[in-house]
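S.K.: Pasting input38.txt below, which is compact mmCIF, C-alpha atoms (C1' of nucleotides).
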# COMPACT_ATOMS: atom_id res chain seq x y z
CA MET H 1 147.64 49.81 83.15
CA ARG H 2 148.15 50.92 86.76
CA ILE H 3 145.99 53.72 88.18
CA ALA H 4 146.50 55.11 91.69
CA THR H 5 144.74 57.61 93.93
CA TRP H 6 146.50 59.42 96.77
CA ASN H 7 145.63 62.24 99.12
CA VAL H 8 149.09 63.84 99.21
CA ASN H 9 148.31 66.54 101.81
CA SER H 10 150.25 69.32 100.02
CA ILE H 11 152.04 68.55 96.77
CA ARG H 12 154.67 71.21 97.41
CA ALA H 13 155.69 69.61 100.71
CA ARG H 14 155.58 66.11 99.18
CA VAL H 15 156.56 66.34 95.51
CA ASP H 16 159.90 64.53 95.87
CA ARG H 17 158.27 61.60 97.68
CA VAL H 18 155.38 61.47 95.21
CA VAL H 19 157.44 61.41 92.01
CA ASP H 20 159.90 58.96 93.54
CA TRP H 21 157.03 56.57 94.33
CA LEU H 22 155.38 57.11 90.92
CA GLU H 23 158.50 55.85 89.22
CA ARG H 24 159.21 52.98 91.62
CA ALA H 25 155.59 51.80 91.61
CA ASP H 26 155.30 51.99 87.81
CA ILE H 27 152.11 54.09 87.94
CA ASP H 28 150.54 55.20 84.66
CA VAL H 29 147.86 57.50 86.04
CA LEU H 30 147.86 59.17 89.47
CA LEU H 31 144.88 60.98 90.97
CA MET H 32 145.88 63.37 93.73
CA GLN H 33 143.83 65.16 96.36
CA GLU H 34 144.64 67.96 98.79
CA THR H 35 147.40 69.46 96.68
CA LYS H 36 146.87 72.61 98.79
CA CYS H 37 148.03 75.05 96.13
CA ARG H 38 146.89 77.27 93.29
CA ASP H 39 147.45 76.20 89.69
CA ASP H 40 150.38 78.61 89.31
CA GLN H 41 152.06 77.02 92.35
CA PHE H 42 151.74 73.38 91.21
CA PRO H 43 155.18 71.79 90.60
CA ASP H 44 154.66 70.51 87.03
CA LEU H 45 158.31 70.02 86.13
CA PRO H 46 159.14 66.91 88.17
CA PHE H 47 156.15 65.15 86.58
CA VAL H 48 156.80 66.41 83.05
CA GLY H 49 160.42 65.32 83.40
CA LEU H 50 159.23 61.75 83.95
CA GLY H 51 156.94 61.86 80.92
CA TYR H 52 153.62 62.66 82.63
CA GLU H 53 151.04 65.21 81.54
CA VAL H 54 149.41 67.22 84.31
CA ALA H 55 145.92 68.61 84.93
CA HIS H 56 145.29 70.43 88.21
CA VAL H 57 142.71 72.70 89.77
CA GLY H 58 143.41 74.70 92.91
CA HIS H 59 142.04 78.10 93.92
CA SER H 60 143.80 78.65 97.28
CA GLN H 61 145.68 76.78 100.02
CA TRP H 62 142.64 74.55 100.54
CA ASN H 63 141.58 71.43 98.62
CA GLY H 64 143.12 71.08 95.16
CA VAL H 65 142.90 67.97 92.94
CA ALA H 66 145.01 66.71 90.04
CA VAL H 67 145.37 64.02 87.40
CA VAL H 68 148.81 63.12 86.06
CA SER H 69 149.16 60.58 83.27
CA ARG H 70 151.80 59.06 81.01
CA VAL H 71 149.20 57.30 78.81
CA GLY H 72 147.42 60.39 77.51
CA LEU H 73 145.32 63.04 79.20
CA ALA H 74 142.38 64.37 77.20
CA ASP H 75 139.09 66.20 77.74
CA VAL H 76 139.96 67.69 81.12
CA GLU H 77 136.87 68.71 83.08
CA ILE H 78 136.91 70.88 86.21
CA GLY H 79 134.08 69.88 88.57
CA PHE H 80 131.21 67.50 87.81
CA PRO H 81 127.79 68.59 86.53
CA GLY H 82 125.70 69.80 89.47
CA GLN H 83 128.63 69.92 91.92
CA PRO H 84 127.49 71.93 94.96
CA GLY H 85 129.44 74.98 96.09
CA TRP H 86 130.51 76.34 99.46
CA GLY H 87 131.46 79.65 101.05
CA ASP H 88 130.27 83.22 100.86
CA PRO H 89 129.62 83.81 98.08
CA VAL H 90 128.85 80.17 97.30
CA ALA H 91 131.30 78.83 94.72
CA ALA H 92 132.53 75.45 93.50
CA GLU H 93 135.60 74.33 95.42
CA ALA H 94 138.60 72.56 93.84
CA ARG H 95 137.38 69.08 94.71
CA ALA H 96 136.82 67.32 91.36
CA ILE H 97 138.77 67.03 88.12
CA ALA H 98 138.44 64.51 85.30
CA ALA H 99 140.42 63.41 82.29
CA THR H 100 140.36 60.59 79.77
CA CYS H 101 143.54 58.49 79.97
CA ASP H 102 143.92 55.65 77.47
CA GLY H 103 140.15 55.32 77.17
CA VAL H 104 139.41 55.46 80.91
CA ARG H 105 137.46 58.42 82.27
CA VAL H 106 139.16 59.07 85.62
CA TRP H 107 137.85 61.42 88.31
CA SER H 108 140.03 62.69 91.13
CA LEU H 109 137.64 63.51 93.98
CA TYR H 110 138.07 65.16 97.35
CA VAL H 111 134.78 64.76 99.20
CA PRO H 112 134.08 67.46 101.83
CA ASN H 113 135.10 66.38 105.35
CA GLY H 114 131.85 67.26 107.12
CA ARG H 115 133.68 68.44 110.27
CA THR H 116 131.05 67.54 112.90
CA LEU H 117 127.59 65.97 112.84
CA ASP H 118 125.86 69.30 113.55
CA ASP H 119 127.98 71.42 111.20
CA PRO H 120 126.57 72.87 107.96
CA HIS H 121 129.61 71.33 106.31
CA LEU H 122 128.05 67.89 106.86
CA THR H 123 124.97 68.95 104.90
CA TYR H 124 127.30 70.16 102.18
CA LYS H 125 129.09 66.79 102.21
CA LEU H 126 125.84 64.82 101.88
CA ASP H 127 124.59 67.07 99.09
CA TRP H 128 127.96 66.78 97.34
CA LEU H 129 127.79 62.98 97.39
CA ALA H 130 124.15 62.99 96.27
CA LYS H 131 124.99 65.18 93.29
CA LEU H 132 128.00 63.01 92.46
CA ARG H 133 125.72 59.95 92.47
CA GLU H 134 123.34 61.77 90.15
CA ALA H 135 126.12 62.70 87.74
CA GLY H 136 127.59 59.21 87.89
CA ALA H 137 124.24 57.58 87.19
CA GLY H 138 123.88 59.88 84.21
CA TRP H 139 127.21 58.84 82.67
CA LEU H 140 126.16 55.18 82.83
CA ALA H 141 122.70 55.94 81.46
CA ASP H 142 124.37 57.68 78.50
CA ASP H 143 126.75 54.77 77.95
CA PRO H 144 126.40 51.53 79.94
CA ASP H 145 129.81 50.43 78.63
CA ALA H 146 131.60 53.58 79.81
CA GLN H 147 134.94 52.96 81.52
CA VAL H 148 134.79 55.30 84.51
CA LEU H 149 136.90 55.37 87.68
CA LEU H 150 135.82 57.50 90.65
CA GLY H 151 138.93 57.75 92.81
CA GLY H 152 139.83 59.83 95.79
CA ASP H 153 139.42 60.69 99.42
CA TRP H 154 135.74 60.03 100.15
CA ASN H 155 135.92 60.94 103.84
CA VAL H 156 133.52 58.08 104.58
CA ALA H 157 134.28 54.78 106.34
CA PRO H 158 131.50 52.61 104.86
CA ARG H 159 131.80 49.68 107.27
CA ASP H 160 132.50 49.28 110.98
CA GLU H 161 135.72 47.41 110.15
CA ASP H 162 136.92 50.52 108.27
CA VAL H 163 137.84 52.22 111.56
CA TRP H 164 139.98 50.77 114.34
CA ASP H 165 137.39 51.23 117.07
CA MET H 166 133.77 52.15 116.43
CA ALA H 167 133.37 53.28 120.05
CA VAL H 168 135.77 56.16 119.36
CA PHE H 169 133.57 57.29 116.45
CA ALA H 170 130.23 57.16 118.29
CA THR H 171 129.56 60.87 117.74
CA SER H 172 131.87 61.49 114.78
CA THR H 173 131.49 62.07 111.10
CA HIS H 174 132.70 59.52 108.49
CA VAL H 175 130.70 56.61 109.99
CA SER H 176 127.22 58.12 110.45
CA PRO H 177 124.28 56.40 108.71
CA PRO H 178 123.57 59.33 106.35
CA GLU H 179 127.20 59.46 105.20
CA ARG H 180 127.31 55.70 104.68
CA ALA H 181 124.01 55.83 102.79
CA ALA H 182 125.33 58.59 100.54
CA PHE H 183 128.42 56.49 99.74
CA GLN H 184 126.35 53.35 99.18
CA ALA H 185 124.09 55.27 96.79
CA VAL H 186 127.08 55.81 94.50
CA VAL H 187 127.83 52.08 94.66
CA ASP H 188 124.18 51.29 93.93
CA ALA H 189 124.35 53.59 90.90
CA GLY H 190 126.79 51.08 89.41
CA TYR H 191 130.21 51.93 90.82
CA ALA H 192 131.95 49.04 92.59
CA ASP H 193 134.72 49.22 95.16
CA VAL H 194 137.24 47.11 93.27
CA VAL H 195 140.02 47.53 95.85
CA ARG H 196 138.43 46.03 98.97
CA PRO H 197 138.41 42.41 97.72
CA TYR H 198 142.21 42.56 97.39
CA THR H 199 142.86 44.46 100.63
CA GLU H 200 140.59 43.07 103.35
CA GLY H 201 141.24 44.51 106.80
CA GLN H 202 143.55 47.28 105.60
CA PHE H 203 143.35 51.05 106.19
CA THR H 204 144.26 53.95 103.89
CA TYR H 205 144.59 56.79 106.42
CA TRP H 206 146.13 57.26 109.87
CA ASP H 207 145.84 60.52 111.81
CA TYR H 208 149.17 62.23 112.52
CA THR H 209 148.26 62.55 116.23
CA GLN H 210 148.22 60.00 119.06
CA LEU H 211 150.73 57.67 117.36
CA ARG H 212 147.87 56.37 115.26
CA PHE H 213 150.10 54.84 112.57
CA PRO H 214 152.45 52.75 114.76
CA ARG H 215 149.42 51.71 116.80
CA LYS H 216 147.69 50.58 113.60
CA GLU H 217 144.74 52.85 114.38
CA GLY H 218 143.62 53.91 110.91
CA MET H 219 140.62 54.32 108.67
CA ARG H 220 139.64 53.19 105.20
CA ILE H 221 138.35 56.35 103.54
CA ASP H 222 140.17 56.39 100.18
CA PHE H 223 138.45 54.46 97.40
CA ALA H 224 138.55 53.69 93.70
CA LEU H 225 135.06 52.85 92.45
CA THR H 226 134.64 51.69 88.87
CA SER H 227 131.85 51.34 86.36
CA PRO H 228 130.83 47.77 85.37
CA ALA H 229 132.84 47.78 82.13
CA LEU H 230 135.98 48.89 83.93
CA ALA H 231 135.43 46.54 86.88
CA ARG H 232 135.70 43.63 84.42
CA ARG H 233 139.26 44.73 83.58
CA VAL H 234 140.54 44.80 87.17
CA THR H 235 143.22 42.16 87.89
CA GLY H 236 144.45 43.41 91.26
CA ALA H 237 144.71 46.24 93.76
CA GLU H 238 146.82 47.30 96.72
CA ILE H 239 147.12 49.85 99.51
CA VAL H 240 150.74 50.93 99.79
CA ARG H 241 151.15 51.25 103.56
CA GLU H 242 154.94 51.68 103.15
CA GLU H 243 154.33 55.21 101.86
CA ARG H 244 152.78 56.26 105.17
CA LYS H 245 156.10 55.55 106.92
CA GLY H 246 158.88 57.93 107.82
CA LYS H 247 159.35 61.65 108.17
CA GLY H 248 157.56 63.74 105.59
CA ALA H 249 154.84 61.21 104.78
CA SER H 250 151.28 62.15 103.92
CA ASP H 251 148.69 60.94 106.42
CA HIS H 252 147.14 58.87 103.58
CA ALA H 253 148.60 55.90 101.71
CA PRO H 254 148.28 55.49 97.93
CA VAL H 255 145.67 53.07 96.59
CA VAL H 256 146.54 51.24 93.35
CA VAL H 257 144.26 49.52 90.83
CA GLU H 258 145.72 47.15 88.23
CA LEU H 259 143.88 46.80 84.88
CA ASP H 260 144.48 44.36 82.05
C1' DA L 1 153.88 62.89 121.13
C1' DT L 2 150.69 66.22 114.39
C1' DG L 3 151.19 68.58 110.04
C1' DG L 4 150.50 72.05 106.17
C1' DT L 5 149.25 76.73 104.96
C1' DG L 6 149.04 81.78 105.34
C1' DG L 7 150.19 86.06 107.75
C1' DT L 8 153.48 87.57 110.38
C1' DC L 9 157.04 85.89 113.90
C1' DA L 10 152.02 84.04 117.47
C1' DC L 11 148.33 82.15 115.87
C1' DA L 12 144.06 80.72 113.02
C1' DC L 13 142.21 77.43 109.96
C1' DC L 14 141.74 72.91 108.02
C1' DA L 15 142.41 68.10 108.30
Do you think you could lay out the structure here as structure tokens?
M.R.:
Amino acid sequence: MRIATWNVNSIRARVDRVVDWLERADIDVLLMQETKCRDDQFPDLPFVGLGYEVAHVGHSQWNGVAVVSRVGLADVEIGFPGQPGWGDPVAAEARAIAATCDGVRVWSLYVPNGRTLDDPHLTYKLDWLAKLREAGAGWLADDPDAQVLLGGDWNVAPRDEDVWDMAVFATSTHVSPPERAAFQAVVDAGYADVVRPYTEGQFTYWDYTQLRFPRKEGMRIDFALTSPALARRVTGAEIVREERKGKGASDHAPVVVELD
DNA sequence: ATGGTGGTCACACCA
């Protein structure tokens, strides 16, 4: 089974590219982030036409996450238990959706960006990750053999080598100690980054500005973390840099996990 | 040397 996660940065602007890649790359389950549309605007038909079932949550032009699967899609869950909200009035944003696909509990996650180090949005981000860790620890406490995949755009670069130049990020989000600690806490709860061992030195995201992609100035911020039982099934992984190329590309590349 | 969205046709917001 092949599971992928991809921040598509608007599914309506990108649907042709996404379904074309799904078919070429032989993907069974795709987790998408930043669909940037409401549920009634999501383009189901191209996916259904290829034999995929679709689960999506989107409340506005912001955020939006989806799971599409051709190996079953059951027990869809919008948001994780304890997921913090944002806004006035405070409400859960469309940043987490889960489904069970061929026995694997997959979560498509879009972690808040944080914006700047002194912004309330950073506090929201840290709280969001802390609550995700708490929920994730709970799933493993309930069932140590659970097959869980936490995939998505984490908006954290856990290591210095996950950005092209640490000096540029001296006062930025994504690399700060609290953000890295919040990410590591999820790992310590039992969720391993199964992609990094197969993709050393690679990035998953390149800003549209400043010719970042041709200059190879990217970041590794998209991750698939798996529970211990699922980690034992992983036979490979890749970051598909090709999909960042050309006109009409998302600023993120897809990340693929291969399971036996 | 950015791109997507919405509301309006010039800009604000988010990334």
S.K.: Using all atoms listed in the file, can you tell me which of H:Cys101, H:Val29, H:Val48, H:Ala253 comes closest to Val8 (chain H)?
M.R.: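 Nearest to Val8 (chain H): H:Ala253.
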S.K.: Can you tell me, as lines of an AutoDock Vina configuration file, the centre and edge lengths (Å, one decimal) of the axis-aligned box enclosing all of chain L's listed atoms after padding each side by 6 Å?
M.R.:
center_x = 149.4
center_y = 75.2
center_z = 113.0
size_x = 27.3
size_y = 36.7
size_z = 28.2
S.K.: Tell me the residues of chain H close to chain L, meaning within 8 Å using all atoms listed in the file, as a ChimeraX atom specification.
M.R.: /H:9-10,13,36,61-62,207-211
S.K.: What separation in Å, quoted to one decimal, exists between CA of Arg14 (chain H) and CA of Gly51 (chain H)?
M.R.: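 Pair CA of Arg14 (chain H) / CA of Gly51 (chain H) returns 18.8 Å.
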S.K.: Which residues are close to Pro43 (chain H), i.e. within 12 Å by all atoms listed in the file, leaving aside same-chain residues fewer than 5 positions away? Reply as a list in words.
M.R.: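 Counting only the stated atoms, we get Ser10, Ile11, Arg12, Ala13, Arg14, Val15, Asp16, Val18, Val19, Thr35, Lys36, Cys37, Arg38, Val48, Gly49, Glu53, Val54, Ala55, His56, Ala66 and Val68 of chain H.
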S.K.: State, in Å with one decimal place, the distance from CA of Thr173 (chain H) to CA of Leu30 (chain H).
M.R.: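 Rounded to one decimal, the two atoms are 27.3 Å apart.
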S.K.: Of the candidates H:Val187, H:Ile221, H:Val194, H:Val104, which one gets nearest to Trp6 (chain H) if we count all atoms listed in the file?
M.R.: H:Ile221
S.K.: With only C-alpha atoms as the basis for distance, which of H:Pro158, H:Pro144, H:Gly72, H:Gly114 is at the shortest distance from Ala182 (chain H)?
M.R.: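 Checking each candidate against Ala182 (chain H), we get H:Pro158 as the closest.
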